[in-house]
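File shown: input34.pdb (PDB, C-alpha atoms).
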```
ATOM      1  CA  MET O   3      -9.078 -23.078  11.787
ATOM      2  CA  GLU O   4     -12.319 -21.486  12.912
ATOM      3  CA  THR O   5     -15.194 -20.631  10.600
ATOM      4  CA  ILE O   6     -15.398 -16.861  10.121
ATOM      5  CA  ILE O   7     -18.180 -16.692   7.486
ATOM      6  CA  GLU O   8     -21.034 -19.110   6.944
ATOM      7  CA  PHE O   9     -23.998 -19.184   4.567
ATOM      8  CA  GLN O  10     -26.814 -21.430   5.803
ATOM      9  CA  ASP O  11     -29.305 -22.500   3.114
ATOM     10  CA  VAL O  12     -29.420 -18.990   1.658
ATOM     11  CA  LYS O  13     -31.864 -17.938  -1.037
ATOM     12  CA  LYS O  14     -32.016 -14.562  -2.763
ATOM     13  CA  SER O  15     -34.822 -13.636  -5.121
ATOM     14  CA  TYR O  16     -35.932 -10.474  -6.906
ATOM     15  CA  LEU O  17     -39.615 -10.905  -7.752
ATOM     16  CA  GLU O  18     -39.641 -13.977 -10.032
ATOM     17  CA  LYS O  19     -35.855 -14.115 -10.534
ATOM     18  CA  THR O  20     -33.832 -16.274  -8.157
ATOM     19  CA  VAL O  21     -30.155 -15.339  -7.892
ATOM     20  CA  LEU O  22     -29.129 -17.813  -5.167
ATOM     21  CA  GLU O  23     -30.892 -20.942  -3.958
ATOM     22  CA  HIS O  24     -29.925 -23.487  -1.276
ATOM     23  CA  PHE O  25     -26.552 -21.770  -1.024
ATOM     24  CA  ASN O  26     -24.328 -23.185   1.718
ATOM     25  CA  LEU O  27     -20.740 -22.123   2.279
ATOM     26  CA  SER O  28     -18.231 -22.120   5.142
ATOM     27  CA  VAL O  29     -15.116 -19.946   5.013
ATOM     28  CA  ASN O  30     -12.315 -20.594   7.475
ATOM     29  CA  GLU O  31     -10.422 -17.769   9.098
ATOM     30  CA  GLY O  32      -7.267 -16.868   7.175
ATOM     31  CA  GLU O  33      -8.349 -18.313   3.821
ATOM     32  CA  PHE O  34      -8.022 -16.512   0.484
ATOM     33  CA  ILE O  35     -11.203 -17.426  -1.386
ATOM     34  CA  THR O  36     -11.443 -16.563  -5.057
ATOM     35  CA  ILE O  37     -14.962 -16.631  -6.515
ATOM     36  CA  VAL O  38     -15.221 -17.213 -10.253
ATOM     37  CA  GLY O  39     -18.094 -17.881 -12.637
ATOM     38  CA  THR O  40     -20.227 -16.523 -15.419
ATOM     39  CA  SER O  41     -21.876 -13.106 -15.367
ATOM     40  CA  GLY O  42     -25.062 -13.299 -13.320
ATOM     41  CA  SER O  43     -23.950 -16.393 -11.417
ATOM     42  CA  GLY O  44     -24.336 -14.659  -8.039
ATOM     43  CA  LYS O  45     -20.676 -13.871  -7.271
ATOM     44  CA  THR O  46     -21.192 -10.220  -6.296
ATOM     45  CA  THR O  47     -24.425 -11.058  -4.469
ATOM     46  CA  VAL O  48     -22.494 -13.436  -2.209
ATOM     47  CA  LEU O  49     -19.889 -10.753  -1.523
ATOM     48  CA  LYS O  50     -22.441  -8.041  -0.711
ATOM     49  CA  MET O  51     -24.354 -10.334   1.618
ATOM     50  CA  ILE O  52     -21.279 -10.673   3.836
ATOM     51  CA  ASN O  53     -21.356  -6.995   4.835
ATOM     52  CA  GLY O  54     -25.124  -6.710   4.729
ATOM     53  CA  LEU O  55     -25.463  -4.644   1.545
ATOM     54  CA  ILE O  56     -27.891  -7.293   0.279
ATOM     55  CA  GLU O  57     -30.300  -9.142   2.575
ATOM     56  CA  THR O  58     -31.236 -12.787   2.192
ATOM     57  CA  THR O  59     -34.709 -13.788   1.076
ATOM     58  CA  GLN O  60     -34.324 -16.953   3.120
ATOM     59  CA  GLY O  61     -31.563 -18.468   5.204
ATOM     60  CA  HIS O  62     -28.837 -16.989   7.345
ATOM     61  CA  VAL O  63     -25.420 -15.379   6.894
ATOM     62  CA  ILE O  64     -23.170 -15.704   9.935
ATOM     63  CA  VAL O  65     -20.111 -13.422  10.156
ATOM     64  CA  GLN O  66     -17.654 -13.725  13.053
ATOM     65  CA  GLY O  67     -20.205 -15.801  14.936
ATOM     66  CA  LYS O  68     -23.083 -13.332  14.563
ATOM     67  CA  ASP O  69     -26.196 -13.661  12.425
ATOM     68  CA  LEU O  70     -26.389 -10.555  10.222
ATOM     69  CA  LYS O  71     -30.091 -10.287  10.979
ATOM     70  CA  GLU O  72     -29.088  -9.442  14.553
ATOM     71  CA  HIS O  73     -25.923  -7.477  13.770
ATOM     72  CA  ASP O  74     -25.292  -3.714  13.795
ATOM     73  CA  LEU O  75     -24.566  -3.468  10.075
ATOM     74  CA  ILE O  76     -22.973  -0.020  10.225
ATOM     75  CA  GLN O  77     -20.490  -1.228  12.821
ATOM     76  CA  LEU O  78     -19.941  -4.436  10.844
ATOM     77  CA  ARG O  79     -19.059  -2.557   7.644
ATOM     78  CA  ARG O  80     -16.475  -0.484   9.487
ATOM     79  CA  GLN O  81     -14.753  -3.746  10.433
ATOM     80  CA  ILE O  82     -14.733  -5.240   6.923
ATOM     81  CA  GLY O  83     -12.532  -3.903   4.122
ATOM     82  CA  TYR O  84     -14.277  -3.517   0.767
ATOM     83  CA  VAL O  85     -12.568  -2.907  -2.584
ATOM     84  CA  ILE O  86     -14.395  -2.711  -5.890
ATOM     85  CA  GLN O  87     -13.522  -2.240  -9.545
ATOM     86  CA  GLY O  88     -12.138   1.230 -10.188
ATOM     87  CA  SER O  89     -11.801   1.850  -6.406
ATOM     88  CA  LEU O  90     -14.439   4.677  -6.520
ATOM     89  CA  LEU O  91     -12.348   7.230  -4.669
ATOM     90  CA  PHE O  92     -13.910  10.506  -3.610
ATOM     91  CA  PRO O  93     -12.746  12.876  -6.392
ATOM     92  CA  HIS O  94     -12.816  15.995  -4.188
ATOM     93  CA  MET O  95     -10.588  14.414  -1.539
ATOM     94  CA  THR O  96      -6.827  13.914  -1.552
ATOM     95  CA  VAL O  97      -5.223  10.490  -1.283
ATOM     96  CA  LYS O  98      -4.729  11.095   2.437
ATOM     97  CA  GLN O  99      -8.348  12.122   2.957
ATOM     98  CA  ASN O 100      -9.640   9.144   0.975
ATOM     99  CA  ILE O 101      -7.643   6.648   2.995
ATOM    100  CA  ALA O 102      -8.590   8.315   6.279
ATOM    101  CA  TYR O 103     -12.298   8.688   5.563
ATOM    102  CA  VAL O 104     -13.755   5.854   7.666
ATOM    103  CA  PRO O 105     -11.457   6.074  10.735
ATOM    104  CA  SER O 106     -11.684   9.880  10.719
ATOM    105  CA  LEU O 107     -15.294   9.495  11.799
ATOM    106  CA  SER O 108     -14.256   8.185  15.200
ATOM    107  CA  GLN O 109     -10.510   8.609  15.842
ATOM    108  CA  LYS O 110      -8.034  11.374  16.545
ATOM    109  CA  ASN O 111      -5.979  12.732  13.668
ATOM    110  CA  HIS O 112      -2.558  11.710  15.005
ATOM    111  CA  ASP O 113      -3.710   8.090  15.301
ATOM    112  CA  ILE O 114      -4.968   8.165  11.715
ATOM    113  CA  ASN O 115      -1.761   9.685  10.336
ATOM    114  CA  ASP O 116       0.347   6.781  11.589
ATOM    115  CA  LYS O 117      -2.049   4.288  10.030
ATOM    116  CA  ILE O 118      -2.126   6.166   6.710
ATOM    117  CA  ILE O 119       1.658   6.027   6.382
ATOM    118  CA  GLU O 120       1.646   2.342   7.305
ATOM    119  CA  CYS O 121      -1.015   1.549   4.688
ATOM    120  CA  MET O 122       0.720   3.593   1.992
ATOM    121  CA  LYS O 123       3.875   1.559   2.539
ATOM    122  CA  THR O 124       1.922  -1.703   2.558
ATOM    123  CA  VAL O 125       0.461  -1.070  -0.903
ATOM    124  CA  GLN O 126       3.732   0.321  -2.289
ATOM    125  CA  LEU O 127       2.555   3.920  -2.728
ATOM    126  CA  ASP O 128       4.999   6.836  -2.600
ATOM    127  CA  LEU O 129       4.275   9.140   0.336
ATOM    128  CA  ASN O 130       4.646  12.100  -2.048
ATOM    129  CA  LEU O 131       1.205  11.177  -3.394
ATOM    130  CA  LEU O 132      -0.590  11.909  -0.121
ATOM    131  CA  ASN O 133      -1.806  15.367  -1.145
ATOM    132  CA  ARG O 134      -2.725  14.523  -4.718
ATOM    133  CA  TYR O 135      -6.279  14.018  -5.976
ATOM    134  CA  PRO O 136      -7.545  10.853  -7.727
ATOM    135  CA  SER O 137      -7.537  12.604 -11.127
ATOM    136  CA  GLU O 138      -3.762  13.038 -10.753
ATOM    137  CA  LEU O 139      -3.154   9.297 -10.272
ATOM    138  CA  SER O 140      -2.801   6.396 -12.672
ATOM    139  CA  GLY O 141      -5.360   3.596 -12.623
ATOM    140  CA  GLY O 142      -2.988   1.351 -10.709
ATOM    141  CA  GLN O 143      -2.267   4.049  -8.132
ATOM    142  CA  GLN O 144      -5.982   4.663  -7.647
ATOM    143  CA  GLN O 145      -6.544   0.970  -7.058
ATOM    144  CA  ARG O 146      -3.738   0.890  -4.496
ATOM    145  CA  VAL O 147      -5.356   3.821  -2.670
ATOM    146  CA  GLY O 148      -8.618   1.857  -2.642
ATOM    147  CA  ILE O 149      -6.852  -1.114  -1.065
ATOM    148  CA  ALA O 150      -5.117   1.132   1.490
ATOM    149  CA  ARG O 151      -8.495   2.629   2.424
ATOM    150  CA  ALA O 152      -9.883  -0.871   2.942
ATOM    151  CA  LEU O 153      -6.935  -1.910   5.123
ATOM    152  CA  ILE O 154      -6.639   1.119   7.392
ATOM    153  CA  ASN O 155      -8.998  -0.195  10.087
ATOM    154  CA  ARG O 156      -7.024  -3.464  10.118
ATOM    155  CA  PRO O 157     -10.053  -5.585   9.247
ATOM    156  CA  GLN O 158     -10.201  -9.339   9.705
ATOM    157  CA  ILE O 159     -12.135  -9.695   6.446
ATOM    158  CA  LEU O 160     -11.342  -8.084   3.089
ATOM    159  CA  LEU O 161     -13.935  -8.222   0.294
ATOM    160  CA  MET O 162     -12.749  -7.509  -3.263
ATOM    161  CA  ASP O 163     -15.075  -7.344  -6.268
ATOM    162  CA  GLU O 164     -13.089  -7.586  -9.531
ATOM    163  CA  PRO O 165     -10.672  -4.928  -8.246
ATOM    164  CA  PHE O 166      -8.049  -5.338 -10.968
ATOM    165  CA  SER O 167     -10.233  -5.738 -14.062
ATOM    166  CA  ALA O 168      -9.992  -2.065 -15.111
ATOM    167  CA  VAL O 169      -6.183  -1.831 -15.179
ATOM    168  CA  ASP O 170      -3.694  -2.896 -17.839
ATOM    169  CA  GLU O 171      -2.163  -6.374 -17.784
ATOM    170  CA  ILE O 172       1.249  -5.353 -16.423
ATOM    171  CA  THR O 173      -0.306  -3.343 -13.577
ATOM    172  CA  ARG O 174      -2.737  -6.175 -12.903
ATOM    173  CA  VAL O 175       0.065  -8.691 -12.387
ATOM    174  CA  GLN O 176       1.875  -6.238 -10.095
ATOM    175  CA  LEU O 177      -1.267  -5.707  -8.022
ATOM    176  CA  GLN O 178      -1.884  -9.454  -7.803
ATOM    177  CA  ASP O 179       1.656 -10.026  -6.532
ATOM    178  CA  GLU O 180       1.371  -7.197  -3.997
ATOM    179  CA  LEU O 181      -1.951  -8.549  -2.754
ATOM    180  CA  LEU O 182      -0.391 -11.976  -2.228
ATOM    181  CA  LYS O 183       2.391 -10.356  -0.180
ATOM    182  CA  ILE O 184      -0.169  -8.483   1.935
ATOM    183  CA  TYR O 185      -2.114 -11.711   2.467
ATOM    184  CA  LYS O 186       0.965 -13.647   3.546
ATOM    185  CA  GLN O 187       2.027 -10.871   5.951
ATOM    186  CA  THR O 188      -1.350 -10.568   7.678
ATOM    187  CA  SER O 189      -4.092 -12.717   9.158
ATOM    188  CA  LEU O 190      -6.673 -11.430   6.670
ATOM    189  CA  THR O 191      -9.515 -13.544   5.364
ATOM    190  CA  ILE O 192     -10.006 -12.473   1.736
ATOM    191  CA  LEU O 193     -12.916 -13.090  -0.617
ATOM    192  CA  PHE O 194     -12.057 -12.010  -4.140
ATOM    193  CA  VAL O 195     -14.529 -12.012  -7.038
ATOM    194  CA  THR O 196     -13.114 -12.387 -10.533
ATOM    195  CA  HIS O 197     -14.262 -13.451 -13.988
ATOM    196  CA  ASP O 198     -10.761 -14.723 -14.809
ATOM    197  CA  ILE O 199     -10.007 -18.373 -13.962
ATOM    198  CA  GLU O 200      -6.262 -17.741 -14.282
ATOM    199  CA  GLU O 201      -6.465 -15.005 -11.636
ATOM    200  CA  ALA O 202      -8.611 -17.235  -9.426
ATOM    201  CA  LEU O 203      -6.111 -20.096  -9.591
ATOM    202  CA  LYS O 204      -3.149 -17.812  -8.956
ATOM    203  CA  LEU O 205      -4.521 -16.003  -5.901
ATOM    204  CA  GLY O 206      -6.821 -18.380  -4.067
ATOM    205  CA  THR O 207      -6.058 -20.901  -1.366
ATOM    206  CA  GLN O 208      -9.586 -22.083  -2.187
ATOM    207  CA  VAL O 209     -11.544 -21.457  -5.379
ATOM    208  CA  LEU O 210     -15.345 -21.191  -5.408
ATOM    209  CA  VAL O 211     -16.781 -21.859  -8.881
ATOM    210  CA  MET O 212     -20.350 -20.620  -9.342
ATOM    211  CA  ASN O 213     -22.936 -21.007 -12.070
ATOM    212  CA  GLU O 214     -26.571 -19.855 -12.060
ATOM    213  CA  GLY O 215     -26.608 -19.201  -8.329
ATOM    214  CA  LYS O 216     -25.188 -22.569  -7.308
ATOM    215  CA  ILE O 217     -21.793 -23.906  -6.294
ATOM    216  CA  GLU O 218     -20.216 -26.058  -8.984
ATOM    217  CA  GLN O 219     -17.073 -26.757  -6.962
ATOM    218  CA  TYR O 220     -15.295 -25.419  -3.876
ATOM    219  CA  ALA O 221     -11.753 -26.702  -3.576
ATOM    220  CA  SER O 222      -8.058 -25.872  -3.749
ATOM    221  CA  PRO O 223      -6.614 -24.629  -7.067
ATOM    222  CA  ASP O 224      -4.842 -27.967  -7.589
ATOM    223  CA  GLU O 225      -8.050 -29.911  -7.004
ATOM    224  CA  ILE O 226     -10.032 -27.620  -9.308
ATOM    225  CA  LEU O 227      -7.434 -28.000 -12.039
ATOM    226  CA  LYS O 228      -6.764 -31.727 -11.769
ATOM    227  CA  HIS O 229     -10.197 -32.980 -10.721
ATOM    228  CA  PRO O 230     -12.981 -30.686 -11.999
ATOM    229  CA  ALA O 231     -16.219 -31.792 -10.373
ATOM    230  CA  THR O 232     -18.669 -30.913 -13.154
ATOM    231  CA  PRO O 233     -18.657 -30.356 -16.927
ATOM    232  CA  PHE O 234     -18.952 -26.606 -16.247
ATOM    233  CA  VAL O 235     -15.763 -26.569 -14.151
ATOM    234  CA  GLU O 236     -13.998 -28.820 -16.641
ATOM    235  CA  LYS O 237     -14.760 -26.415 -19.458
ATOM    236  CA  LEU O 238     -13.676 -23.447 -17.327
ATOM    237  CA  VAL O 239     -10.242 -24.870 -16.532
ATOM    238  CA  ASP O 240      -9.732 -26.916 -19.696
ATOM    239  CA  LYS O 241      -6.923 -24.783 -21.122
ATOM    240  CA  GLN O 242      -4.905 -24.664 -17.892
ATOM    241  CA  ARG O 243      -5.487 -28.383 -17.241
ATOM    242  CA  ARG O 244      -4.269 -29.350 -20.708
ATOM    243  CA  TYR O 245      -1.084 -27.384 -20.132
ATOM    244  CA  CYS O 246      -0.363 -29.293 -16.922
ATOM    245  CA  LEU O 247      -0.776 -32.626 -18.699
ATOM    246  CA  LEU O 248       2.088 -31.783 -21.054
ATOM    247  CA  PRO O 249       5.231 -33.945 -20.988
ATOM    248  CA  GLU O 250       7.755 -32.980 -18.312
ATOM    249  CA  ASP O 251      10.100 -31.306 -20.791
ATOM    250  CA  LYS O 252       7.263 -28.967 -21.804
ATOM    251  CA  LEU O 253       6.199 -27.866 -18.327
ATOM    252  CA  GLN O 254       8.141 -24.625 -18.612
ATOM    253  CA  ASP O 255       5.414 -23.583 -21.069
ATOM    254  CA  CYS O 256       2.703 -24.139 -18.472
ATOM    255  CA  LYS O 257       1.281 -20.812 -17.311
ATOM    256  CA  TYR O 258      -0.475 -22.411 -14.345
ATOM    257  CA  CYS O 259       2.670 -24.154 -13.075
ATOM    258  CA  ALA O 260       4.473 -20.812 -13.208
ATOM    259  CA  LEU O 261       1.646 -19.252 -11.207
ATOM    260  CA  THR O 262       1.715 -21.927  -8.498
ATOM    261  CA  LYS O 263       5.473 -21.553  -8.109
ATOM    262  CA  LYS O 264       5.016 -17.810  -7.615
ATOM    263  CA  ASN O 265       2.220 -18.463  -5.121
ATOM    264  CA  SER O 266       4.169 -21.024  -3.082
TER     265      SER O 266
END
```

Using the file provided, produce a representation of the structure as structure tokens.
Amino acid sequence: METIIEFQDVKKSYLEKTVLEHFNLSVNEGEFITIVGTSGSGKTTVLKMINGLIETTQGHVIVQGKDLKEHDLIQLRRQIGYVIQGSLLFPHMTVKQNIAYVPSLSQKNHDINDKIIECMKTVQLDLNLLNRYPSELSGGQQQRVGIARALINRPQILLMDEPFSAVDEITRVQLQDELLKIYKQTSLTILFVTHDIEEALKLGTQVLVMNEGKIEQYASPDEILKHPATPFVEKLVDKQRRYCLLPEDKLQDCKYCALTKKNS
């Protein structure tokens, strides 16, 4: 697999506060990377650097083979899907208008309509919702619209910043499962920020654990769970790891094992 995103010795500082330092990361095309860590560990900073919303203080971010310092950032952002907590839909626009917003800037309406219907079906949204406004939707429906809006330009990269944290637990599980289906049906590279280690282990093909602007471990969910690299990672996954060390006749009680079966 080819590298699609690369951080080369990146540092980010705000006056005397350093958020990232000596940060190096390579993301292969087609991976689902979940990023987990404490508040203020730099998770969202990493995400925003990928589409140029935050510039590096030092170092380089390479996306699709291009250094962002030499990239047309407006064009780049149109090629990268971006979903955040609460979806932040335009309240004065219908579902259809929200989904169509970015491509409507440069494409003909009939081309957009076909894509809108395709995206609505992908995220399991009823087409009867097309002319409704965000205030008429549930939290889960709003989040699905946000994902559809991010997918409509068929991006290679999808960035997601705690997108499911504002919905109830049942809806959250449904959205997680739907996202996994979308991932398996496409060639998307996904980077997904979460504060929930259970969500990170369930969704990611690779899990990036961060603390105080540094990488504690970057590995598969199984490796993270069975072989935590640092005391910080060990503490983070301790509950799930203990479950998996239960006797065989108790494994049905293991939440993580259930998650990996669903993800396989």

Could you make a table, as JSON lines, of the residues of segment 143-197 of chain O that have an atom within 8 Å of an atom of segment 77-99 of chain O, each with its nearest atom pair and distance in Å to one decimal, counting only C-alpha atoms, in chain and number order?
```
{"residue": "O:Gln144", "atom": "CA", "partner": "O:Ser89", "partner_atom": "CA", "distance": 6.6}
{"residue": "O:Gln145", "atom": "CA", "partner": "O:Ser89", "partner_atom": "CA", "distance": 5.4}
{"residue": "O:Val147", "atom": "CA", "partner": "O:Val97", "partner_atom": "CA", "distance": 6.8}
{"residue": "O:Gly148", "atom": "CA", "partner": "O:Ser89", "partner_atom": "CA", "distance": 4.9}
{"residue": "O:Ile149", "atom": "CA", "partner": "O:Val85", "partner_atom": "CA", "distance": 6.2}
{"residue": "O:Arg151", "atom": "CA", "partner": "O:Gly83", "partner_atom": "CA", "distance": 7.9}
{"residue": "O:Ala152", "atom": "CA", "partner": "O:Gly83", "partner_atom": "CA", "distance": 4.2}
{"residue": "O:Leu153", "atom": "CA", "partner": "O:Gly83", "partner_atom": "CA", "distance": 6.0}
{"residue": "O:Asn155", "atom": "CA", "partner": "O:Gln81", "partner_atom": "CA", "distance": 6.8}
{"residue": "O:Arg156", "atom": "CA", "partner": "O:Gln81", "partner_atom": "CA", "distance": 7.7}
{"residue": "O:Pro157", "atom": "CA", "partner": "O:Gln81", "partner_atom": "CA", "distance": 5.2}
{"residue": "O:Gln158", "atom": "CA", "partner": "O:Ile82", "partner_atom": "CA", "distance": 6.7}
{"residue": "O:Ile159", "atom": "CA", "partner": "O:Ile82", "partner_atom": "CA", "distance": 5.2}
{"residue": "O:Leu160", "atom": "CA", "partner": "O:Gly83", "partner_atom": "CA", "distance": 4.5}
{"residue": "O:Leu161", "atom": "CA", "partner": "O:Tyr84", "partner_atom": "CA", "distance": 4.7}
{"residue": "O:Met162", "atom": "CA", "partner": "O:Val85", "partner_atom": "CA", "distance": 4.7}
{"residue": "O:Asp163", "atom": "CA", "partner": "O:Ile86", "partner_atom": "CA", "distance": 4.7}
{"residue": "O:Glu164", "atom": "CA", "partner": "O:Gln87", "partner_atom": "CA", "distance": 5.4}
{"residue": "O:Pro165", "atom": "CA", "partner": "O:Gln87", "partner_atom": "CA", "distance": 4.1}
{"residue": "O:Phe166", "atom": "CA", "partner": "O:Gln87", "partner_atom": "CA", "distance": 6.4}
{"residue": "O:Ser167", "atom": "CA", "partner": "O:Gln87", "partner_atom": "CA", "distance": 6.6}
{"residue": "O:Ala168", "atom": "CA", "partner": "O:Gly88", "partner_atom": "CA", "distance": 6.3}
```

The PyMOL selection byres ((chain O and resi 208) around 10) - which residues does that actually catch in the file I just gave you? List them as a CSV table (one decimal) with C-alpha atoms, in the frame of the given file.
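Dumped to result.csv:
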```
chain,number,residue,atom,x,y,z
O,29,VAL,CA,-15.1,-19.9,5.0
O,33,GLU,CA,-8.3,-18.3,3.8
O,34,PHE,CA,-8.0,-16.5,0.5
O,35,ILE,CA,-11.2,-17.4,-1.4
O,36,THR,CA,-11.4,-16.6,-5.1
O,37,ILE,CA,-15.0,-16.6,-6.5
O,193,LEU,CA,-12.9,-13.1,-0.6
O,202,ALA,CA,-8.6,-17.2,-9.4
O,203,LEU,CA,-6.1,-20.1,-9.6
O,205,LEU,CA,-4.5,-16.0,-5.9
O,206,GLY,CA,-6.8,-18.4,-4.1
O,207,THR,CA,-6.1,-20.9,-1.4
O,209,VAL,CA,-11.5,-21.5,-5.4
O,210,LEU,CA,-15.3,-21.2,-5.4
O,211,VAL,CA,-16.8,-21.9,-8.9
O,220,TYR,CA,-15.3,-25.4,-3.9
O,221,ALA,CA,-11.8,-26.7,-3.6
O,222,SER,CA,-8.1,-25.9,-3.7
O,223,PRO,CA,-6.6,-24.6,-7.1
O,224,ASP,CA,-4.8,-28.0,-7.6
O,225,GLU,CA,-8.0,-29.9,-7.0
O,226,ILE,CA,-10.0,-27.6,-9.3
```

Starting from the PyMOL selection byres ((chain O and resi 175-179) around 9), expand the selection into actual residues of this file and give them as an MDAnalysis selection string. chainID O and resid 125 142 145:146 166 170:174 180:184 201 204:205 264:265

One decimal, Å: what's the distance from atom CA of Thr59 of chain O over to atom CA of Lys13 of chain O, could you say?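 Here the two named atoms are 5.5 Å from each other.
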
Out of O:Leu70, O:Val48, O:Gly141, O:Gly32, which residue has the shortest atom-to-atom distance to Lys186 of chain O when counting all atoms listed in the file?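 Under the stated criterion, the closest residue is O:Gly32.
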
Tell me, in Å to one decimal, how far atom CA of Leu238 of chain O is from atom CA of Leu49 of chain O.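 Between these atoms lies a distance of 21.2 Å.
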
Axis-aligned box over every listed atom of segment 199-209 of chain O, padded by 3 Å per side: centre and edges in Å to one decimal, as JSON?
```
{"center_x": -7.3, "center_y": -18.5, "center_z": -7.8, "size_x": 14.4, "size_y": 13.1, "size_z": 18.9}
```

Nearest-residue call for Ile6 of chain O, choices O:Val65, O:Val239, O:Val169, O:Leu127, using only C-alpha atoms: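 The shortest atom-to-atom distance to Ile6 of chain O comes from O:Val65.
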
Out of O:Leu227, O:Met212, O:Ile154, O:Leu55, which residue has the shortest atom-to-atom distance to Gly42 of chain O when counting all atoms listed in the file?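 For Gly42 of chain O, the nearest of the given residues is O:Met212.
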
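Put simply, atom CA of Gly61 of chain O is 8.4 Å away from atom CA of His24 of chain O.
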
Evaluate the PyMOL selection byres ((chain O and resi 27) around 8) and record the selected residues as a list in words, following the chain and residue labels used in the document.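 Selection result, ordered by chain and number: Ile7, Glu8, Phe9, Gln10, Phe25, Asn26, Ser28 and Val29 of chain O.
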
Any chance you can output those residues with C-alpha atoms as a short mmCIF file (atom, residue, chain, number, x, y, z; two decimals), in the frame of the given file?
```cif
data_model
loop_
_atom_site.label_atom_id
_atom_site.label_comp_id
_atom_site.auth_asym_id
_atom_site.auth_seq_id
_atom_site.Cartn_x
_atom_site.Cartn_y
_atom_site.Cartn_z
CA ILE O 7 -18.18 -16.69 7.49
CA GLU O 8 -21.03 -19.11 6.94
CA PHE O 9 -24.00 -19.18 4.57
CA GLN O 10 -26.81 -21.43 5.80
CA PHE O 25 -26.55 -21.77 -1.02
CA ASN O 26 -24.33 -23.18 1.72
CA SER O 28 -18.23 -22.12 5.14
CA VAL O 29 -15.12 -19.95 5.01
#
```

Give the answer as one residue: which of O:Thr58, O:Asn30, O:Ser137, O:Ser41 has the shortest atom-to-atom distance to Val12 of chain O, using only C-alpha atoms? O:Thr58

Calculated over all atoms listed in the file, which of the candidates O:Val104, O:Leu129, O:Ile199, O:Met122 has the smallest distance to Ala150 of chain O?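 Using all atoms listed in the file, Ala150 of chain O sits closest to O:Met122.
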
When distances are computed from all atoms listed in the file, which of O:Leu139, O:Cys121, O:Val38, O:Leu17 shows the smallest separation from Gly215 of chain O?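 Of O:Leu139, O:Cys121, O:Val38, O:Leu17, the one nearest Gly215 of chain O, counting all atoms listed in the file, is O:Val38.
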